[in-house]
Amino acid sequence: MKNFNIKAVLFLNYFVFAILLNSVGTVILQMQQNFGISKSQASVLEGFKDLPIAICSFILASFLPKIGIKNSMLIALFLVSCMCFVMPFANEFWFFKLLFAIVGISFALIKISVFTSIGLITETDKEHSSFMGFLEGFFMVGVLMGNVLFSLFMDDNNPKSTEWLNVYWVLGGLSVLSFLFLFFSKLNENEAKSEQTSLLGDIKNSISLFSYKKVLFFLLCAFLFVLVEQSFQTWTPTFYKEILKVPTSMSIQAGAVLAGAFALGRFLSGFFSKKFSWIYVVSFCVVGFAISILLVLPLTHNILISAGTNWLNAPLVVYLFPLMGGLLAPIYPSINSVILASIPKYLHSAMSGLIVVFSAIGGTIGSIITGFVFQEFSGQEAFYLSLIPLTLLFVSAIIMSKLKINPKK
């Protein structure tokens with residue numbers, strides 16, 4: 001397979017950051033149990049993760065190719081490796097704020113680099129879309145494995161136990177392994193550079209992206225999608241613990257089931273993108289997810305879970321709730337691939353930066369709103385609220401599909 005080594009490295013990098021980024025839901029649950037932090041206070045961890053992603057992406061996007069795509073990824077992996085080896089000694093809430101801030105900064109470097117690299121190692125629009133789908137699917141495999149990994153370190157009999165922090169020794173080891181694989185891999189970065197422009201010219205190219213209506217509607221779609229996605233991913237463990245009353249380890253494993261559904265959906269999107277127009281895939285998924293919310297959430301009211309409940313004897317709704325993620329999953333890689341395939345390769349870094357910025361802002365707002373509604377009203381109402389951004393996403397995607405980008409000479 002052409003470019004096999006670098007493709008494998010991109011998958012591994014994404015896998016590592018999938019675990020670190022999406023552990024925020026587990027950490028929010030543990031902060032409530034270990035340190036007595038309220039839901040609204042714990043929800044700020046999403047901001048400590050996403051705002052650095054947004055800020056760094058905005059700053060770095062236009063000139064990251066000049067720093068070097070490979071160098072940027074190596075810096076990111078070095079930073080998170082160091083922080084992971086500190087976390088087993090964490091005993092206060094601010095440690096976790098610092099952890100997610102560093103993870104956010106590092107992920108900004110990784111995601112822009114990975115998205116820019118895809119255009120360098122694929123040759124056609126369909127190959128680009130397919131690889132994007134598989135890569136995002138593997139990201140969700142990382143989320144799944146991360147939830148399983150964290151659950152193995154939980155002590156259901158002692159909610160205040162901090163032994164679960166030992167999981168960061170494992171994550172630090174994975175980060176170091178990824179660093180070493182990348183260090184010895186080769187990536188031709190020439191096409192990602194615009195040799196005719198200076199740094200100021202690169203920044204102007206980035207700003208010029210806002211002049212395209214298709215880009216503006218895409219950014220709205222990315223914002224709305226991540227707003228919904230992160231609210232579900234972040235608050236599913238707490239929903240299972242407090243609404244469905246299942247054990248802590250099972251609550252975290254529910255996050256793994258949700259991630260598994262996402263992974264399956266994104267892997268399938270890699271196949272569907274070769275056979276159907278992206279707008280049909282996105283429309284089907286948005287409508288299907290909205291309908292599943294209306295059908296599944298009512299089943300979570302007045303549910304009785306016994307003390308000995310596990311995955312072998314749980315009520316049907318315990319399985320149905322996370323499986324909804326399979327419908328939501330194909331949307332993100334589909335819209336990302338469409339916009340990246342629409343612009344010249346030397347602008348992929350700038351466009352990737354905008355993707356990360358608007359995704360990060362959407363994730364932060366979604367988590368905070370969900371946490372507030374969850375605390376003040378109920379978990380069900382918090383998730384019903386997602387029907388509003390889903391409707392706006394559906395309309396925005398249709399408008400985006402009708403617009404064209406004609407690169408300016």
# chains A, B, ... in the order shown; residues from 1 in each chain; ligands from 1
>>> select_by_dssp(residues="stretch 23-185 of chain A", states="alpha helix (DSSP H)", output="PyMOL selection string")
chain A and resi 24-35+39-42+44-60+64-67+69-84+93-121+125-152+167-183
>>> residues_around(residues="A:Leu60", least_positions_apart="3", cutoff="9 Å", atoms="only C-alpha atoms", output="CSV table (one decimal) with all heavy atoms, in the first residue's frame")
chain,number,residue,atom,x,y,z
A,55,ILE,N,-7.8,28.4,20.2
A,55,ILE,CA,-6.8,29.5,20.1
A,55,ILE,C,-5.6,29.1,19.4
A,55,ILE,O,-5.1,29.8,18.5
A,55,ILE,CB,-6.5,30.0,21.6
A,55,ILE,CG1,-7.7,30.6,22.2
A,55,ILE,CG2,-5.3,31.0,21.5
A,55,ILE,CD1,-7.6,30.8,23.7
A,56,CYS,N,-5.0,28.0,19.7
A,56,CYS,CA,-3.8,27.5,19.1
A,56,CYS,C,-4.0,27.2,17.6
A,56,CYS,O,-3.2,27.5,16.7
A,56,CYS,CB,-3.3,26.3,19.8
A,56,CYS,SG,-2.6,26.6,21.4
A,57,SER,N,-5.2,26.7,17.2
A,57,SER,CA,-5.5,26.4,15.9
A,57,SER,C,-5.6,27.7,15.0
A,57,SER,O,-5.1,27.7,13.9
A,57,SER,CB,-6.8,25.6,15.7
A,57,SER,OG,-6.7,24.4,16.4
A,63,PHE,N,0.5,29.0,9.2
A,63,PHE,CA,1.9,28.8,9.0
A,63,PHE,C,2.5,27.5,9.5
A,63,PHE,O,3.7,27.4,9.6
A,63,PHE,CB,2.8,30.0,9.4
A,63,PHE,CG,2.6,30.3,10.9
A,63,PHE,CD1,3.5,29.8,11.8
A,63,PHE,CD2,1.6,31.2,11.3
A,63,PHE,CE1,3.4,30.1,13.2
A,63,PHE,CE2,1.5,31.5,12.7
A,63,PHE,CZ,2.4,31.0,13.6
A,64,LEU,N,1.6,26.6,9.9
A,64,LEU,CA,2.1,25.3,10.5
A,64,LEU,C,3.0,24.6,9.5
A,64,LEU,O,4.0,24.0,9.9
A,64,LEU,CB,0.9,24.4,10.9
A,64,LEU,CG,1.3,23.1,11.5
A,64,LEU,CD1,0.4,22.8,12.7
A,64,LEU,CD2,1.2,22.0,10.5
A,108,ALA,N,-4.4,20.5,18.9
A,108,ALA,CA,-4.5,21.5,17.8
A,108,ALA,C,-3.4,21.2,16.8
A,108,ALA,O,-3.6,21.2,15.6
A,108,ALA,CB,-4.4,22.9,18.4
A,109,LEU,N,-2.2,21.0,17.3
A,109,LEU,CA,-1.0,20.6,16.4
A,109,LEU,C,-1.3,19.3,15.7
A,109,LEU,O,-1.0,19.2,14.5
A,109,LEU,CB,0.2,20.5,17.3
A,109,LEU,CG,0.8,21.8,17.9
A,109,LEU,CD1,1.8,21.5,19.0
A,109,LEU,CD2,1.3,22.7,16.9
A,112,ILE,N,-4.5,19.6,12.9
A,112,ILE,CA,-4.2,20.3,11.7
A,112,ILE,C,-3.2,19.6,10.9
A,112,ILE,O,-3.3,19.5,9.6
A,112,ILE,CB,-3.6,21.7,12.1
A,112,ILE,CG1,-4.7,22.6,12.8
A,112,ILE,CG2,-3.2,22.5,10.8
A,112,ILE,CD1,-4.2,23.9,13.4
A,349,SER,N,-4.0,23.4,5.4
A,349,SER,CA,-3.6,23.7,6.8
A,349,SER,C,-4.5,24.8,7.4
A,349,SER,O,-5.0,24.7,8.5
A,349,SER,CB,-2.1,24.1,6.8
A,349,SER,OG,-1.8,24.5,8.1
A,350,ALA,N,-4.7,25.8,6.6
A,350,ALA,CA,-5.5,26.9,7.1
A,350,ALA,C,-7.0,26.5,7.3
A,350,ALA,O,-7.6,26.8,8.3
A,350,ALA,CB,-5.5,28.1,6.1
A,353,GLY,N,-7.2,24.3,10.3
A,353,GLY,CA,-7.3,25.2,11.5
A,353,GLY,C,-8.6,25.7,11.9
A,353,GLY,O,-9.1,25.7,13.0
>>> closest_atom_pairs(of="stretch 210-230 of chain A", to="stretch 273-290 of chain A", cutoff="12 Å", atoms="only C-alpha atoms", output="JSON lines")
{"residue": "A:Cys221", "atom": "CA", "partner": "A:Val282", "partner_atom": "CA", "distance": 10.6}
{"residue": "A:Leu224", "atom": "CA", "partner": "A:Val286", "partner_atom": "CA", "distance": 11.4}
{"residue": "A:Phe225", "atom": "CA", "partner": "A:Val286", "partner_atom": "CA", "distance": 9.5}
{"residue": "A:Val228", "atom": "CA", "partner": "A:Phe289", "partner_atom": "CA", "distance": 10.7}
{"residue": "A:Glu229", "atom": "CA", "partner": "A:Phe289", "partner_atom": "CA", "distance": 11.1}
>>> write_last_selection(atoms="N, CA, C and O atoms", output="PDB file, in the first residue's frame")
ATOM      1  N   CYS A 221     -21.906  24.154  10.107  1.00  0.00           N
ATOM      2  CA  CYS A 221     -22.209  22.720  10.253  1.00  0.00           C
ATOM      3  C   CYS A 221     -21.264  22.055  11.250  1.00  0.00           C
ATOM      4  O   CYS A 221     -21.696  21.271  12.101  1.00  0.00           O
ATOM      5  N   LEU A 224     -22.145  23.140  14.842  1.00  0.00           N
ATOM      6  CA  LEU A 224     -23.378  22.535  15.336  1.00  0.00           C
ATOM      7  C   LEU A 224     -23.208  21.040  15.588  1.00  0.00           C
ATOM      8  O   LEU A 224     -23.714  20.506  16.584  1.00  0.00           O
ATOM      9  N   PHE A 225     -22.480  20.359  14.693  1.00  0.00           N
ATOM     10  CA  PHE A 225     -22.289  18.929  14.881  1.00  0.00           C
ATOM     11  C   PHE A 225     -21.538  18.635  16.178  1.00  0.00           C
ATOM     12  O   PHE A 225     -21.948  17.793  16.977  1.00  0.00           O
ATOM     13  N   VAL A 228     -23.448  19.029  19.417  1.00  0.00           N
ATOM     14  CA  VAL A 228     -24.292  17.870  19.751  1.00  0.00           C
ATOM     15  C   VAL A 228     -23.443  16.680  20.171  1.00  0.00           C
ATOM     16  O   VAL A 228     -23.687  16.040  21.199  1.00  0.00           O
ATOM     17  N   GLU A 229     -22.415  16.379  19.379  1.00  0.00           N
ATOM     18  CA  GLU A 229     -21.577  15.198  19.635  1.00  0.00           C
ATOM     19  C   GLU A 229     -20.940  15.252  21.019  1.00  0.00           C
ATOM     20  O   GLU A 229     -20.986  14.284  21.787  1.00  0.00           O
TER      21      GLU A 229
END
>>> closest_atom_pairs(of="stretch 65-145 of chain A", to="stretch 13-21 of chain A", cutoff="6 Å", atoms="only C-alpha atoms", output="CSV")
residue,atom,partner,partner_atom,distance
A:Phe139,CA,A:Phe15,CA,5.3
A:Gly142,CA,A:Phe15,CA,4.6
A:Val143,CA,A:Ile19,CA,5.0
>>> write_last_selection(atoms="N, CA, C and O atoms", output="PDB file, in the first residue's frame")
ATOM      1  N   PHE A 139     -10.443   6.912  15.219  1.00  0.00           N
ATOM      2  CA  PHE A 139     -10.462   7.833  16.354  1.00  0.00           C
ATOM      3  C   PHE A 139     -11.480   7.365  17.387  1.00  0.00           C
ATOM      4  O   PHE A 139     -11.211   7.347  18.590  1.00  0.00           O
ATOM      5  N   GLY A 142     -10.345   4.533  19.387  1.00  0.00           N
ATOM      6  CA  GLY A 142      -9.540   5.033  20.493  1.00  0.00           C
ATOM      7  C   GLY A 142     -10.394   5.475  21.659  1.00  0.00           C
ATOM      8  O   GLY A 142     -10.073   5.213  22.833  1.00  0.00           O
ATOM      9  N   VAL A 143     -11.500   6.159  21.361  1.00  0.00           N
ATOM     10  CA  VAL A 143     -12.427   6.588  22.422  1.00  0.00           C
ATOM     11  C   VAL A 143     -12.987   5.368  23.149  1.00  0.00           C
ATOM     12  O   VAL A 143     -13.060   5.328  24.384  1.00  0.00           O
TER      13      VAL A 143
END
>>> closest_residue(among="A:Phe210, A:Phe223, A:Phe115, A:Tyr240", to="A:Gly362", atoms="only C-alpha atoms")
A:Phe223
>>> residues_around(residues="A:Ile361", least_positions_apart="5", cutoff="9 Å", atoms="only C-alpha atoms", output="PyMOL selection string")
chain A and resi 47+50-51+53-54+223+226-227+356+366
>>> write_last_selection(atoms="N, CA and C atoms", output="mmCIF file, in the first residue's frame")
data_model
loop_
_atom_site.group_PDB
_atom_site.id
_atom_site.type_symbol
_atom_site.label_atom_id
_atom_site.label_comp_id
_atom_site.auth_asym_id
_atom_site.auth_seq_id
_atom_site.Cartn_x
_atom_site.Cartn_y
_atom_site.Cartn_z
ATOM 1 N N GLY A 47 -14.026 23.289 28.505
ATOM 2 C CA GLY A 47 -13.466 24.557 28.047
ATOM 3 C C GLY A 47 -11.951 24.582 28.121
ATOM 4 N N ASP A 50 -11.053 22.563 25.022
ATOM 5 C CA ASP A 50 -11.437 23.056 23.706
ATOM 6 C C ASP A 50 -10.956 24.465 23.387
ATOM 7 N N LEU A 51 -10.927 25.357 24.380
ATOM 8 C CA LEU A 51 -10.488 26.726 24.095
ATOM 9 C C LEU A 51 -9.016 26.793 23.683
ATOM 10 N N ILE A 53 -7.520 24.458 22.122
ATOM 11 C CA ILE A 53 -7.566 23.922 20.754
ATOM 12 C C ILE A 53 -7.930 25.037 19.782
ATOM 13 N N ALA A 54 -8.953 25.809 20.127
ATOM 14 C CA ALA A 54 -9.428 26.872 19.241
ATOM 15 C C ALA A 54 -8.384 27.969 19.068
ATOM 16 N N PHE A 223 -19.557 23.438 13.678
ATOM 17 C CA PHE A 223 -19.866 23.954 15.018
ATOM 18 C C PHE A 223 -21.072 23.238 15.617
ATOM 19 N N VAL A 226 -20.416 19.312 16.381
ATOM 20 C CA VAL A 226 -19.598 19.023 17.564
ATOM 21 C C VAL A 226 -20.324 19.447 18.835
ATOM 22 N N LEU A 227 -21.149 20.495 18.739
ATOM 23 C CA LEU A 227 -21.960 20.894 19.888
ATOM 24 C C LEU A 227 -22.821 19.721 20.362
ATOM 25 N N VAL A 356 -10.823 22.960 13.280
ATOM 26 C CA VAL A 356 -10.529 22.692 14.684
ATOM 27 C C VAL A 356 -11.072 23.800 15.584
ATOM 28 N N GLY A 366 -21.471 23.214 23.843
ATOM 29 C CA GLY A 366 -22.384 22.081 24.001
ATOM 30 C C GLY A 366 -22.275 21.439 25.361
#
>>> closest_residue(among="A:Ser334, A:Ser386, A:Gln380, A:Ser206", to="A:Glu242", atoms="only C-alpha atoms")
A:Gln380
>>> atom_distance(atom1="atom CA of A:Ser249", atom2="atom CA of A:Asn166")
15.4 Å
>>> residues_around(residues="A:Tyr319", least_positions_apart="2", cutoff="12 Å", atoms="only C-alpha atoms", output="PDB file with N, CA and C atoms, in the first residue's frame")
ATOM      1  N   TYR A 240     -25.655   7.862  32.820  1.00  0.00           N
ATOM      2  CA  TYR A 240     -25.822   6.468  33.234  1.00  0.00           C
ATOM      3  C   TYR A 240     -25.724   6.310  34.748  1.00  0.00           C
ATOM      4  N   LEU A 244     -29.771   6.466  35.123  1.00  0.00           N
ATOM      5  CA  LEU A 244     -30.039   5.030  35.013  1.00  0.00           C
ATOM      6  C   LEU A 244     -29.570   4.243  36.240  1.00  0.00           C
ATOM      7  N   MET A 250     -19.626   0.629  34.938  1.00  0.00           N
ATOM      8  CA  MET A 250     -20.562   0.384  33.846  1.00  0.00           C
ATOM      9  C   MET A 250     -20.943   1.694  33.154  1.00  0.00           C
ATOM     10  N   SER A 251     -21.004   2.778  33.935  1.00  0.00           N
ATOM     11  CA  SER A 251     -21.300   4.097  33.363  1.00  0.00           C
ATOM     12  C   SER A 251     -20.214   4.499  32.379  1.00  0.00           C
ATOM     13  N   GLN A 253     -18.144   2.403  30.891  1.00  0.00           N
ATOM     14  CA  GLN A 253     -18.200   1.450  29.771  1.00  0.00           C
ATOM     15  C   GLN A 253     -19.302   1.828  28.778  1.00  0.00           C
ATOM     16  N   ALA A 254     -20.352   2.495  29.268  1.00  0.00           N
ATOM     17  CA  ALA A 254     -21.401   2.969  28.365  1.00  0.00           C
ATOM     18  C   ALA A 254     -20.818   3.972  27.376  1.00  0.00           C
ATOM     19  N   GLY A 255     -19.862   4.771  27.875  1.00  0.00           N
ATOM     20  CA  GLY A 255     -19.163   5.682  26.981  1.00  0.00           C
ATOM     21  C   GLY A 255     -18.394   4.914  25.918  1.00  0.00           C
ATOM     22  N   ALA A 256     -17.889   3.729  26.292  1.00  0.00           N
ATOM     23  CA  ALA A 256     -17.181   2.882  25.330  1.00  0.00           C
ATOM     24  C   ALA A 256     -18.138   2.330  24.279  1.00  0.00           C
ATOM     25  N   VAL A 257     -19.336   1.954  24.701  1.00  0.00           N
ATOM     26  CA  VAL A 257     -20.341   1.460  23.750  1.00  0.00           C
ATOM     27  C   VAL A 257     -20.733   2.569  22.776  1.00  0.00           C
ATOM     28  N   LEU A 258     -20.892   3.789  23.312  1.00  0.00           N
ATOM     29  CA  LEU A 258     -21.195   4.942  22.467  1.00  0.00           C
ATOM     30  C   LEU A 258     -20.074   5.160  21.456  1.00  0.00           C
ATOM     31  N   GLY A 260     -17.995   2.908  20.401  1.00  0.00           N
ATOM     32  CA  GLY A 260     -18.030   1.796  19.452  1.00  0.00           C
ATOM     33  C   GLY A 260     -19.044   2.033  18.353  1.00  0.00           C
ATOM     34  N   ALA A 261     -20.205   2.576  18.737  1.00  0.00           N
ATOM     35  CA  ALA A 261     -21.230   2.898  17.744  1.00  0.00           C
ATOM     36  C   ALA A 261     -20.721   3.986  16.797  1.00  0.00           C
ATOM     37  N   VAL A 296     -35.993   6.954  22.086  1.00  0.00           N
ATOM     38  CA  VAL A 296     -35.229   6.299  23.149  1.00  0.00           C
ATOM     39  C   VAL A 296     -35.302   7.029  24.485  1.00  0.00           C
ATOM     40  N   LEU A 299     -37.826   6.206  27.223  1.00  0.00           N
ATOM     41  CA  LEU A 299     -37.646   4.919  27.898  1.00  0.00           C
ATOM     42  C   LEU A 299     -36.771   5.028  29.150  1.00  0.00           C
ATOM     43  N   THR A 300     -36.069   6.151  29.307  1.00  0.00           N
ATOM     44  CA  THR A 300     -35.163   6.303  30.453  1.00  0.00           C
ATOM     45  C   THR A 300     -35.861   6.854  31.693  1.00  0.00           C
ATOM     46  N   ASN A 310     -25.675  -5.702  35.427  1.00  0.00           N
ATOM     47  CA  ASN A 310     -24.477  -5.657  34.585  1.00  0.00           C
ATOM     48  C   ASN A 310     -24.924  -5.723  33.128  1.00  0.00           C
ATOM     49  N   TRP A 311     -23.948  -5.840  32.207  1.00  0.00           N
ATOM     50  CA  TRP A 311     -24.284  -5.813  30.794  1.00  0.00           C
ATOM     51  C   TRP A 311     -25.054  -7.050  30.335  1.00  0.00           C
ATOM     52  N   LEU A 312     -25.085  -8.082  31.157  1.00  0.00           N
ATOM     53  CA  LEU A 312     -25.797  -9.301  30.775  1.00  0.00           C
ATOM     54  C   LEU A 312     -27.274  -9.286  31.155  1.00  0.00           C
ATOM     55  N   ASN A 313     -27.646  -8.418  32.128  1.00  0.00           N
ATOM     56  CA  ASN A 313     -29.047  -8.411  32.571  1.00  0.00           C
ATOM     57  C   ASN A 313     -29.668  -7.021  32.598  1.00  0.00           C
ATOM     58  N   ALA A 314     -29.045  -6.056  31.922  1.00  0.00           N
ATOM     59  CA  ALA A 314     -29.543  -4.672  31.944  1.00  0.00           C
ATOM     60  C   ALA A 314     -30.786  -4.516  31.067  1.00  0.00           C
ATOM     61  N   PRO A 315     -31.643  -3.521  31.383  1.00  0.00           N
ATOM     62  CA  PRO A 315     -32.815  -3.240  30.541  1.00  0.00           C
ATOM     63  C   PRO A 315     -32.386  -2.803  29.133  1.00  0.00           C
ATOM     64  N   LEU A 316     -33.294  -2.942  28.188  1.00  0.00           N
ATOM     65  CA  LEU A 316     -33.001  -2.659  26.784  1.00  0.00           C
ATOM     66  C   LEU A 316     -32.467  -1.251  26.557  1.00  0.00           C
ATOM     67  N   VAL A 317     -33.018  -0.255  27.261  1.00  0.00           N
ATOM     68  CA  VAL A 317     -32.632   1.133  27.034  1.00  0.00           C
ATOM     69  C   VAL A 317     -31.156   1.376  27.348  1.00  0.00           C
ATOM     70  N   PHE A 321     -29.411   3.514  24.167  1.00  0.00           N
ATOM     71  CA  PHE A 321     -28.974   4.907  24.265  1.00  0.00           C
ATOM     72  C   PHE A 321     -27.634   5.161  23.582  1.00  0.00           C
ATOM     73  N   PRO A 322     -26.579   4.392  23.900  1.00  0.00           N
ATOM     74  CA  PRO A 322     -25.297   4.674  23.234  1.00  0.00           C
ATOM     75  C   PRO A 322     -25.254   4.273  21.768  1.00  0.00           C
ATOM     76  N   LEU A 323     -26.109   3.312  21.371  1.00  0.00           N
ATOM     77  CA  LEU A 323     -26.100   2.878  19.977  1.00  0.00           C
ATOM     78  C   LEU A 323     -26.558   3.969  19.014  1.00  0.00           C
ATOM     79  N   MET A 324     -27.232   4.992  19.554  1.00  0.00           N
ATOM     80  CA  MET A 324     -27.652   6.111  18.712  1.00  0.00           C
ATOM     81  C   MET A 324     -26.461   6.796  18.052  1.00  0.00           C
ATOM     82  N   GLY A 325     -25.294   6.680  18.687  1.00  0.00           N
ATOM     83  CA  GLY A 325     -24.102   7.327  18.149  1.00  0.00           C
ATOM     84  C   GLY A 325     -23.743   6.874  16.751  1.00  0.00           C
TER      85      GLY A 325
END
>>> residues_around(residues="A:Ser337", least_positions_apart="4", cutoff="7 Å", atoms="only C-alpha atoms", output="ChimeraX atom specification")
/A:128-129,132,333,341
>>> closest_residue(among="A:Ala259, A:Ile6, A:Ala101, A:Ile243", to="A:Gln375", atoms="only C-alpha atoms")
A:Ile243
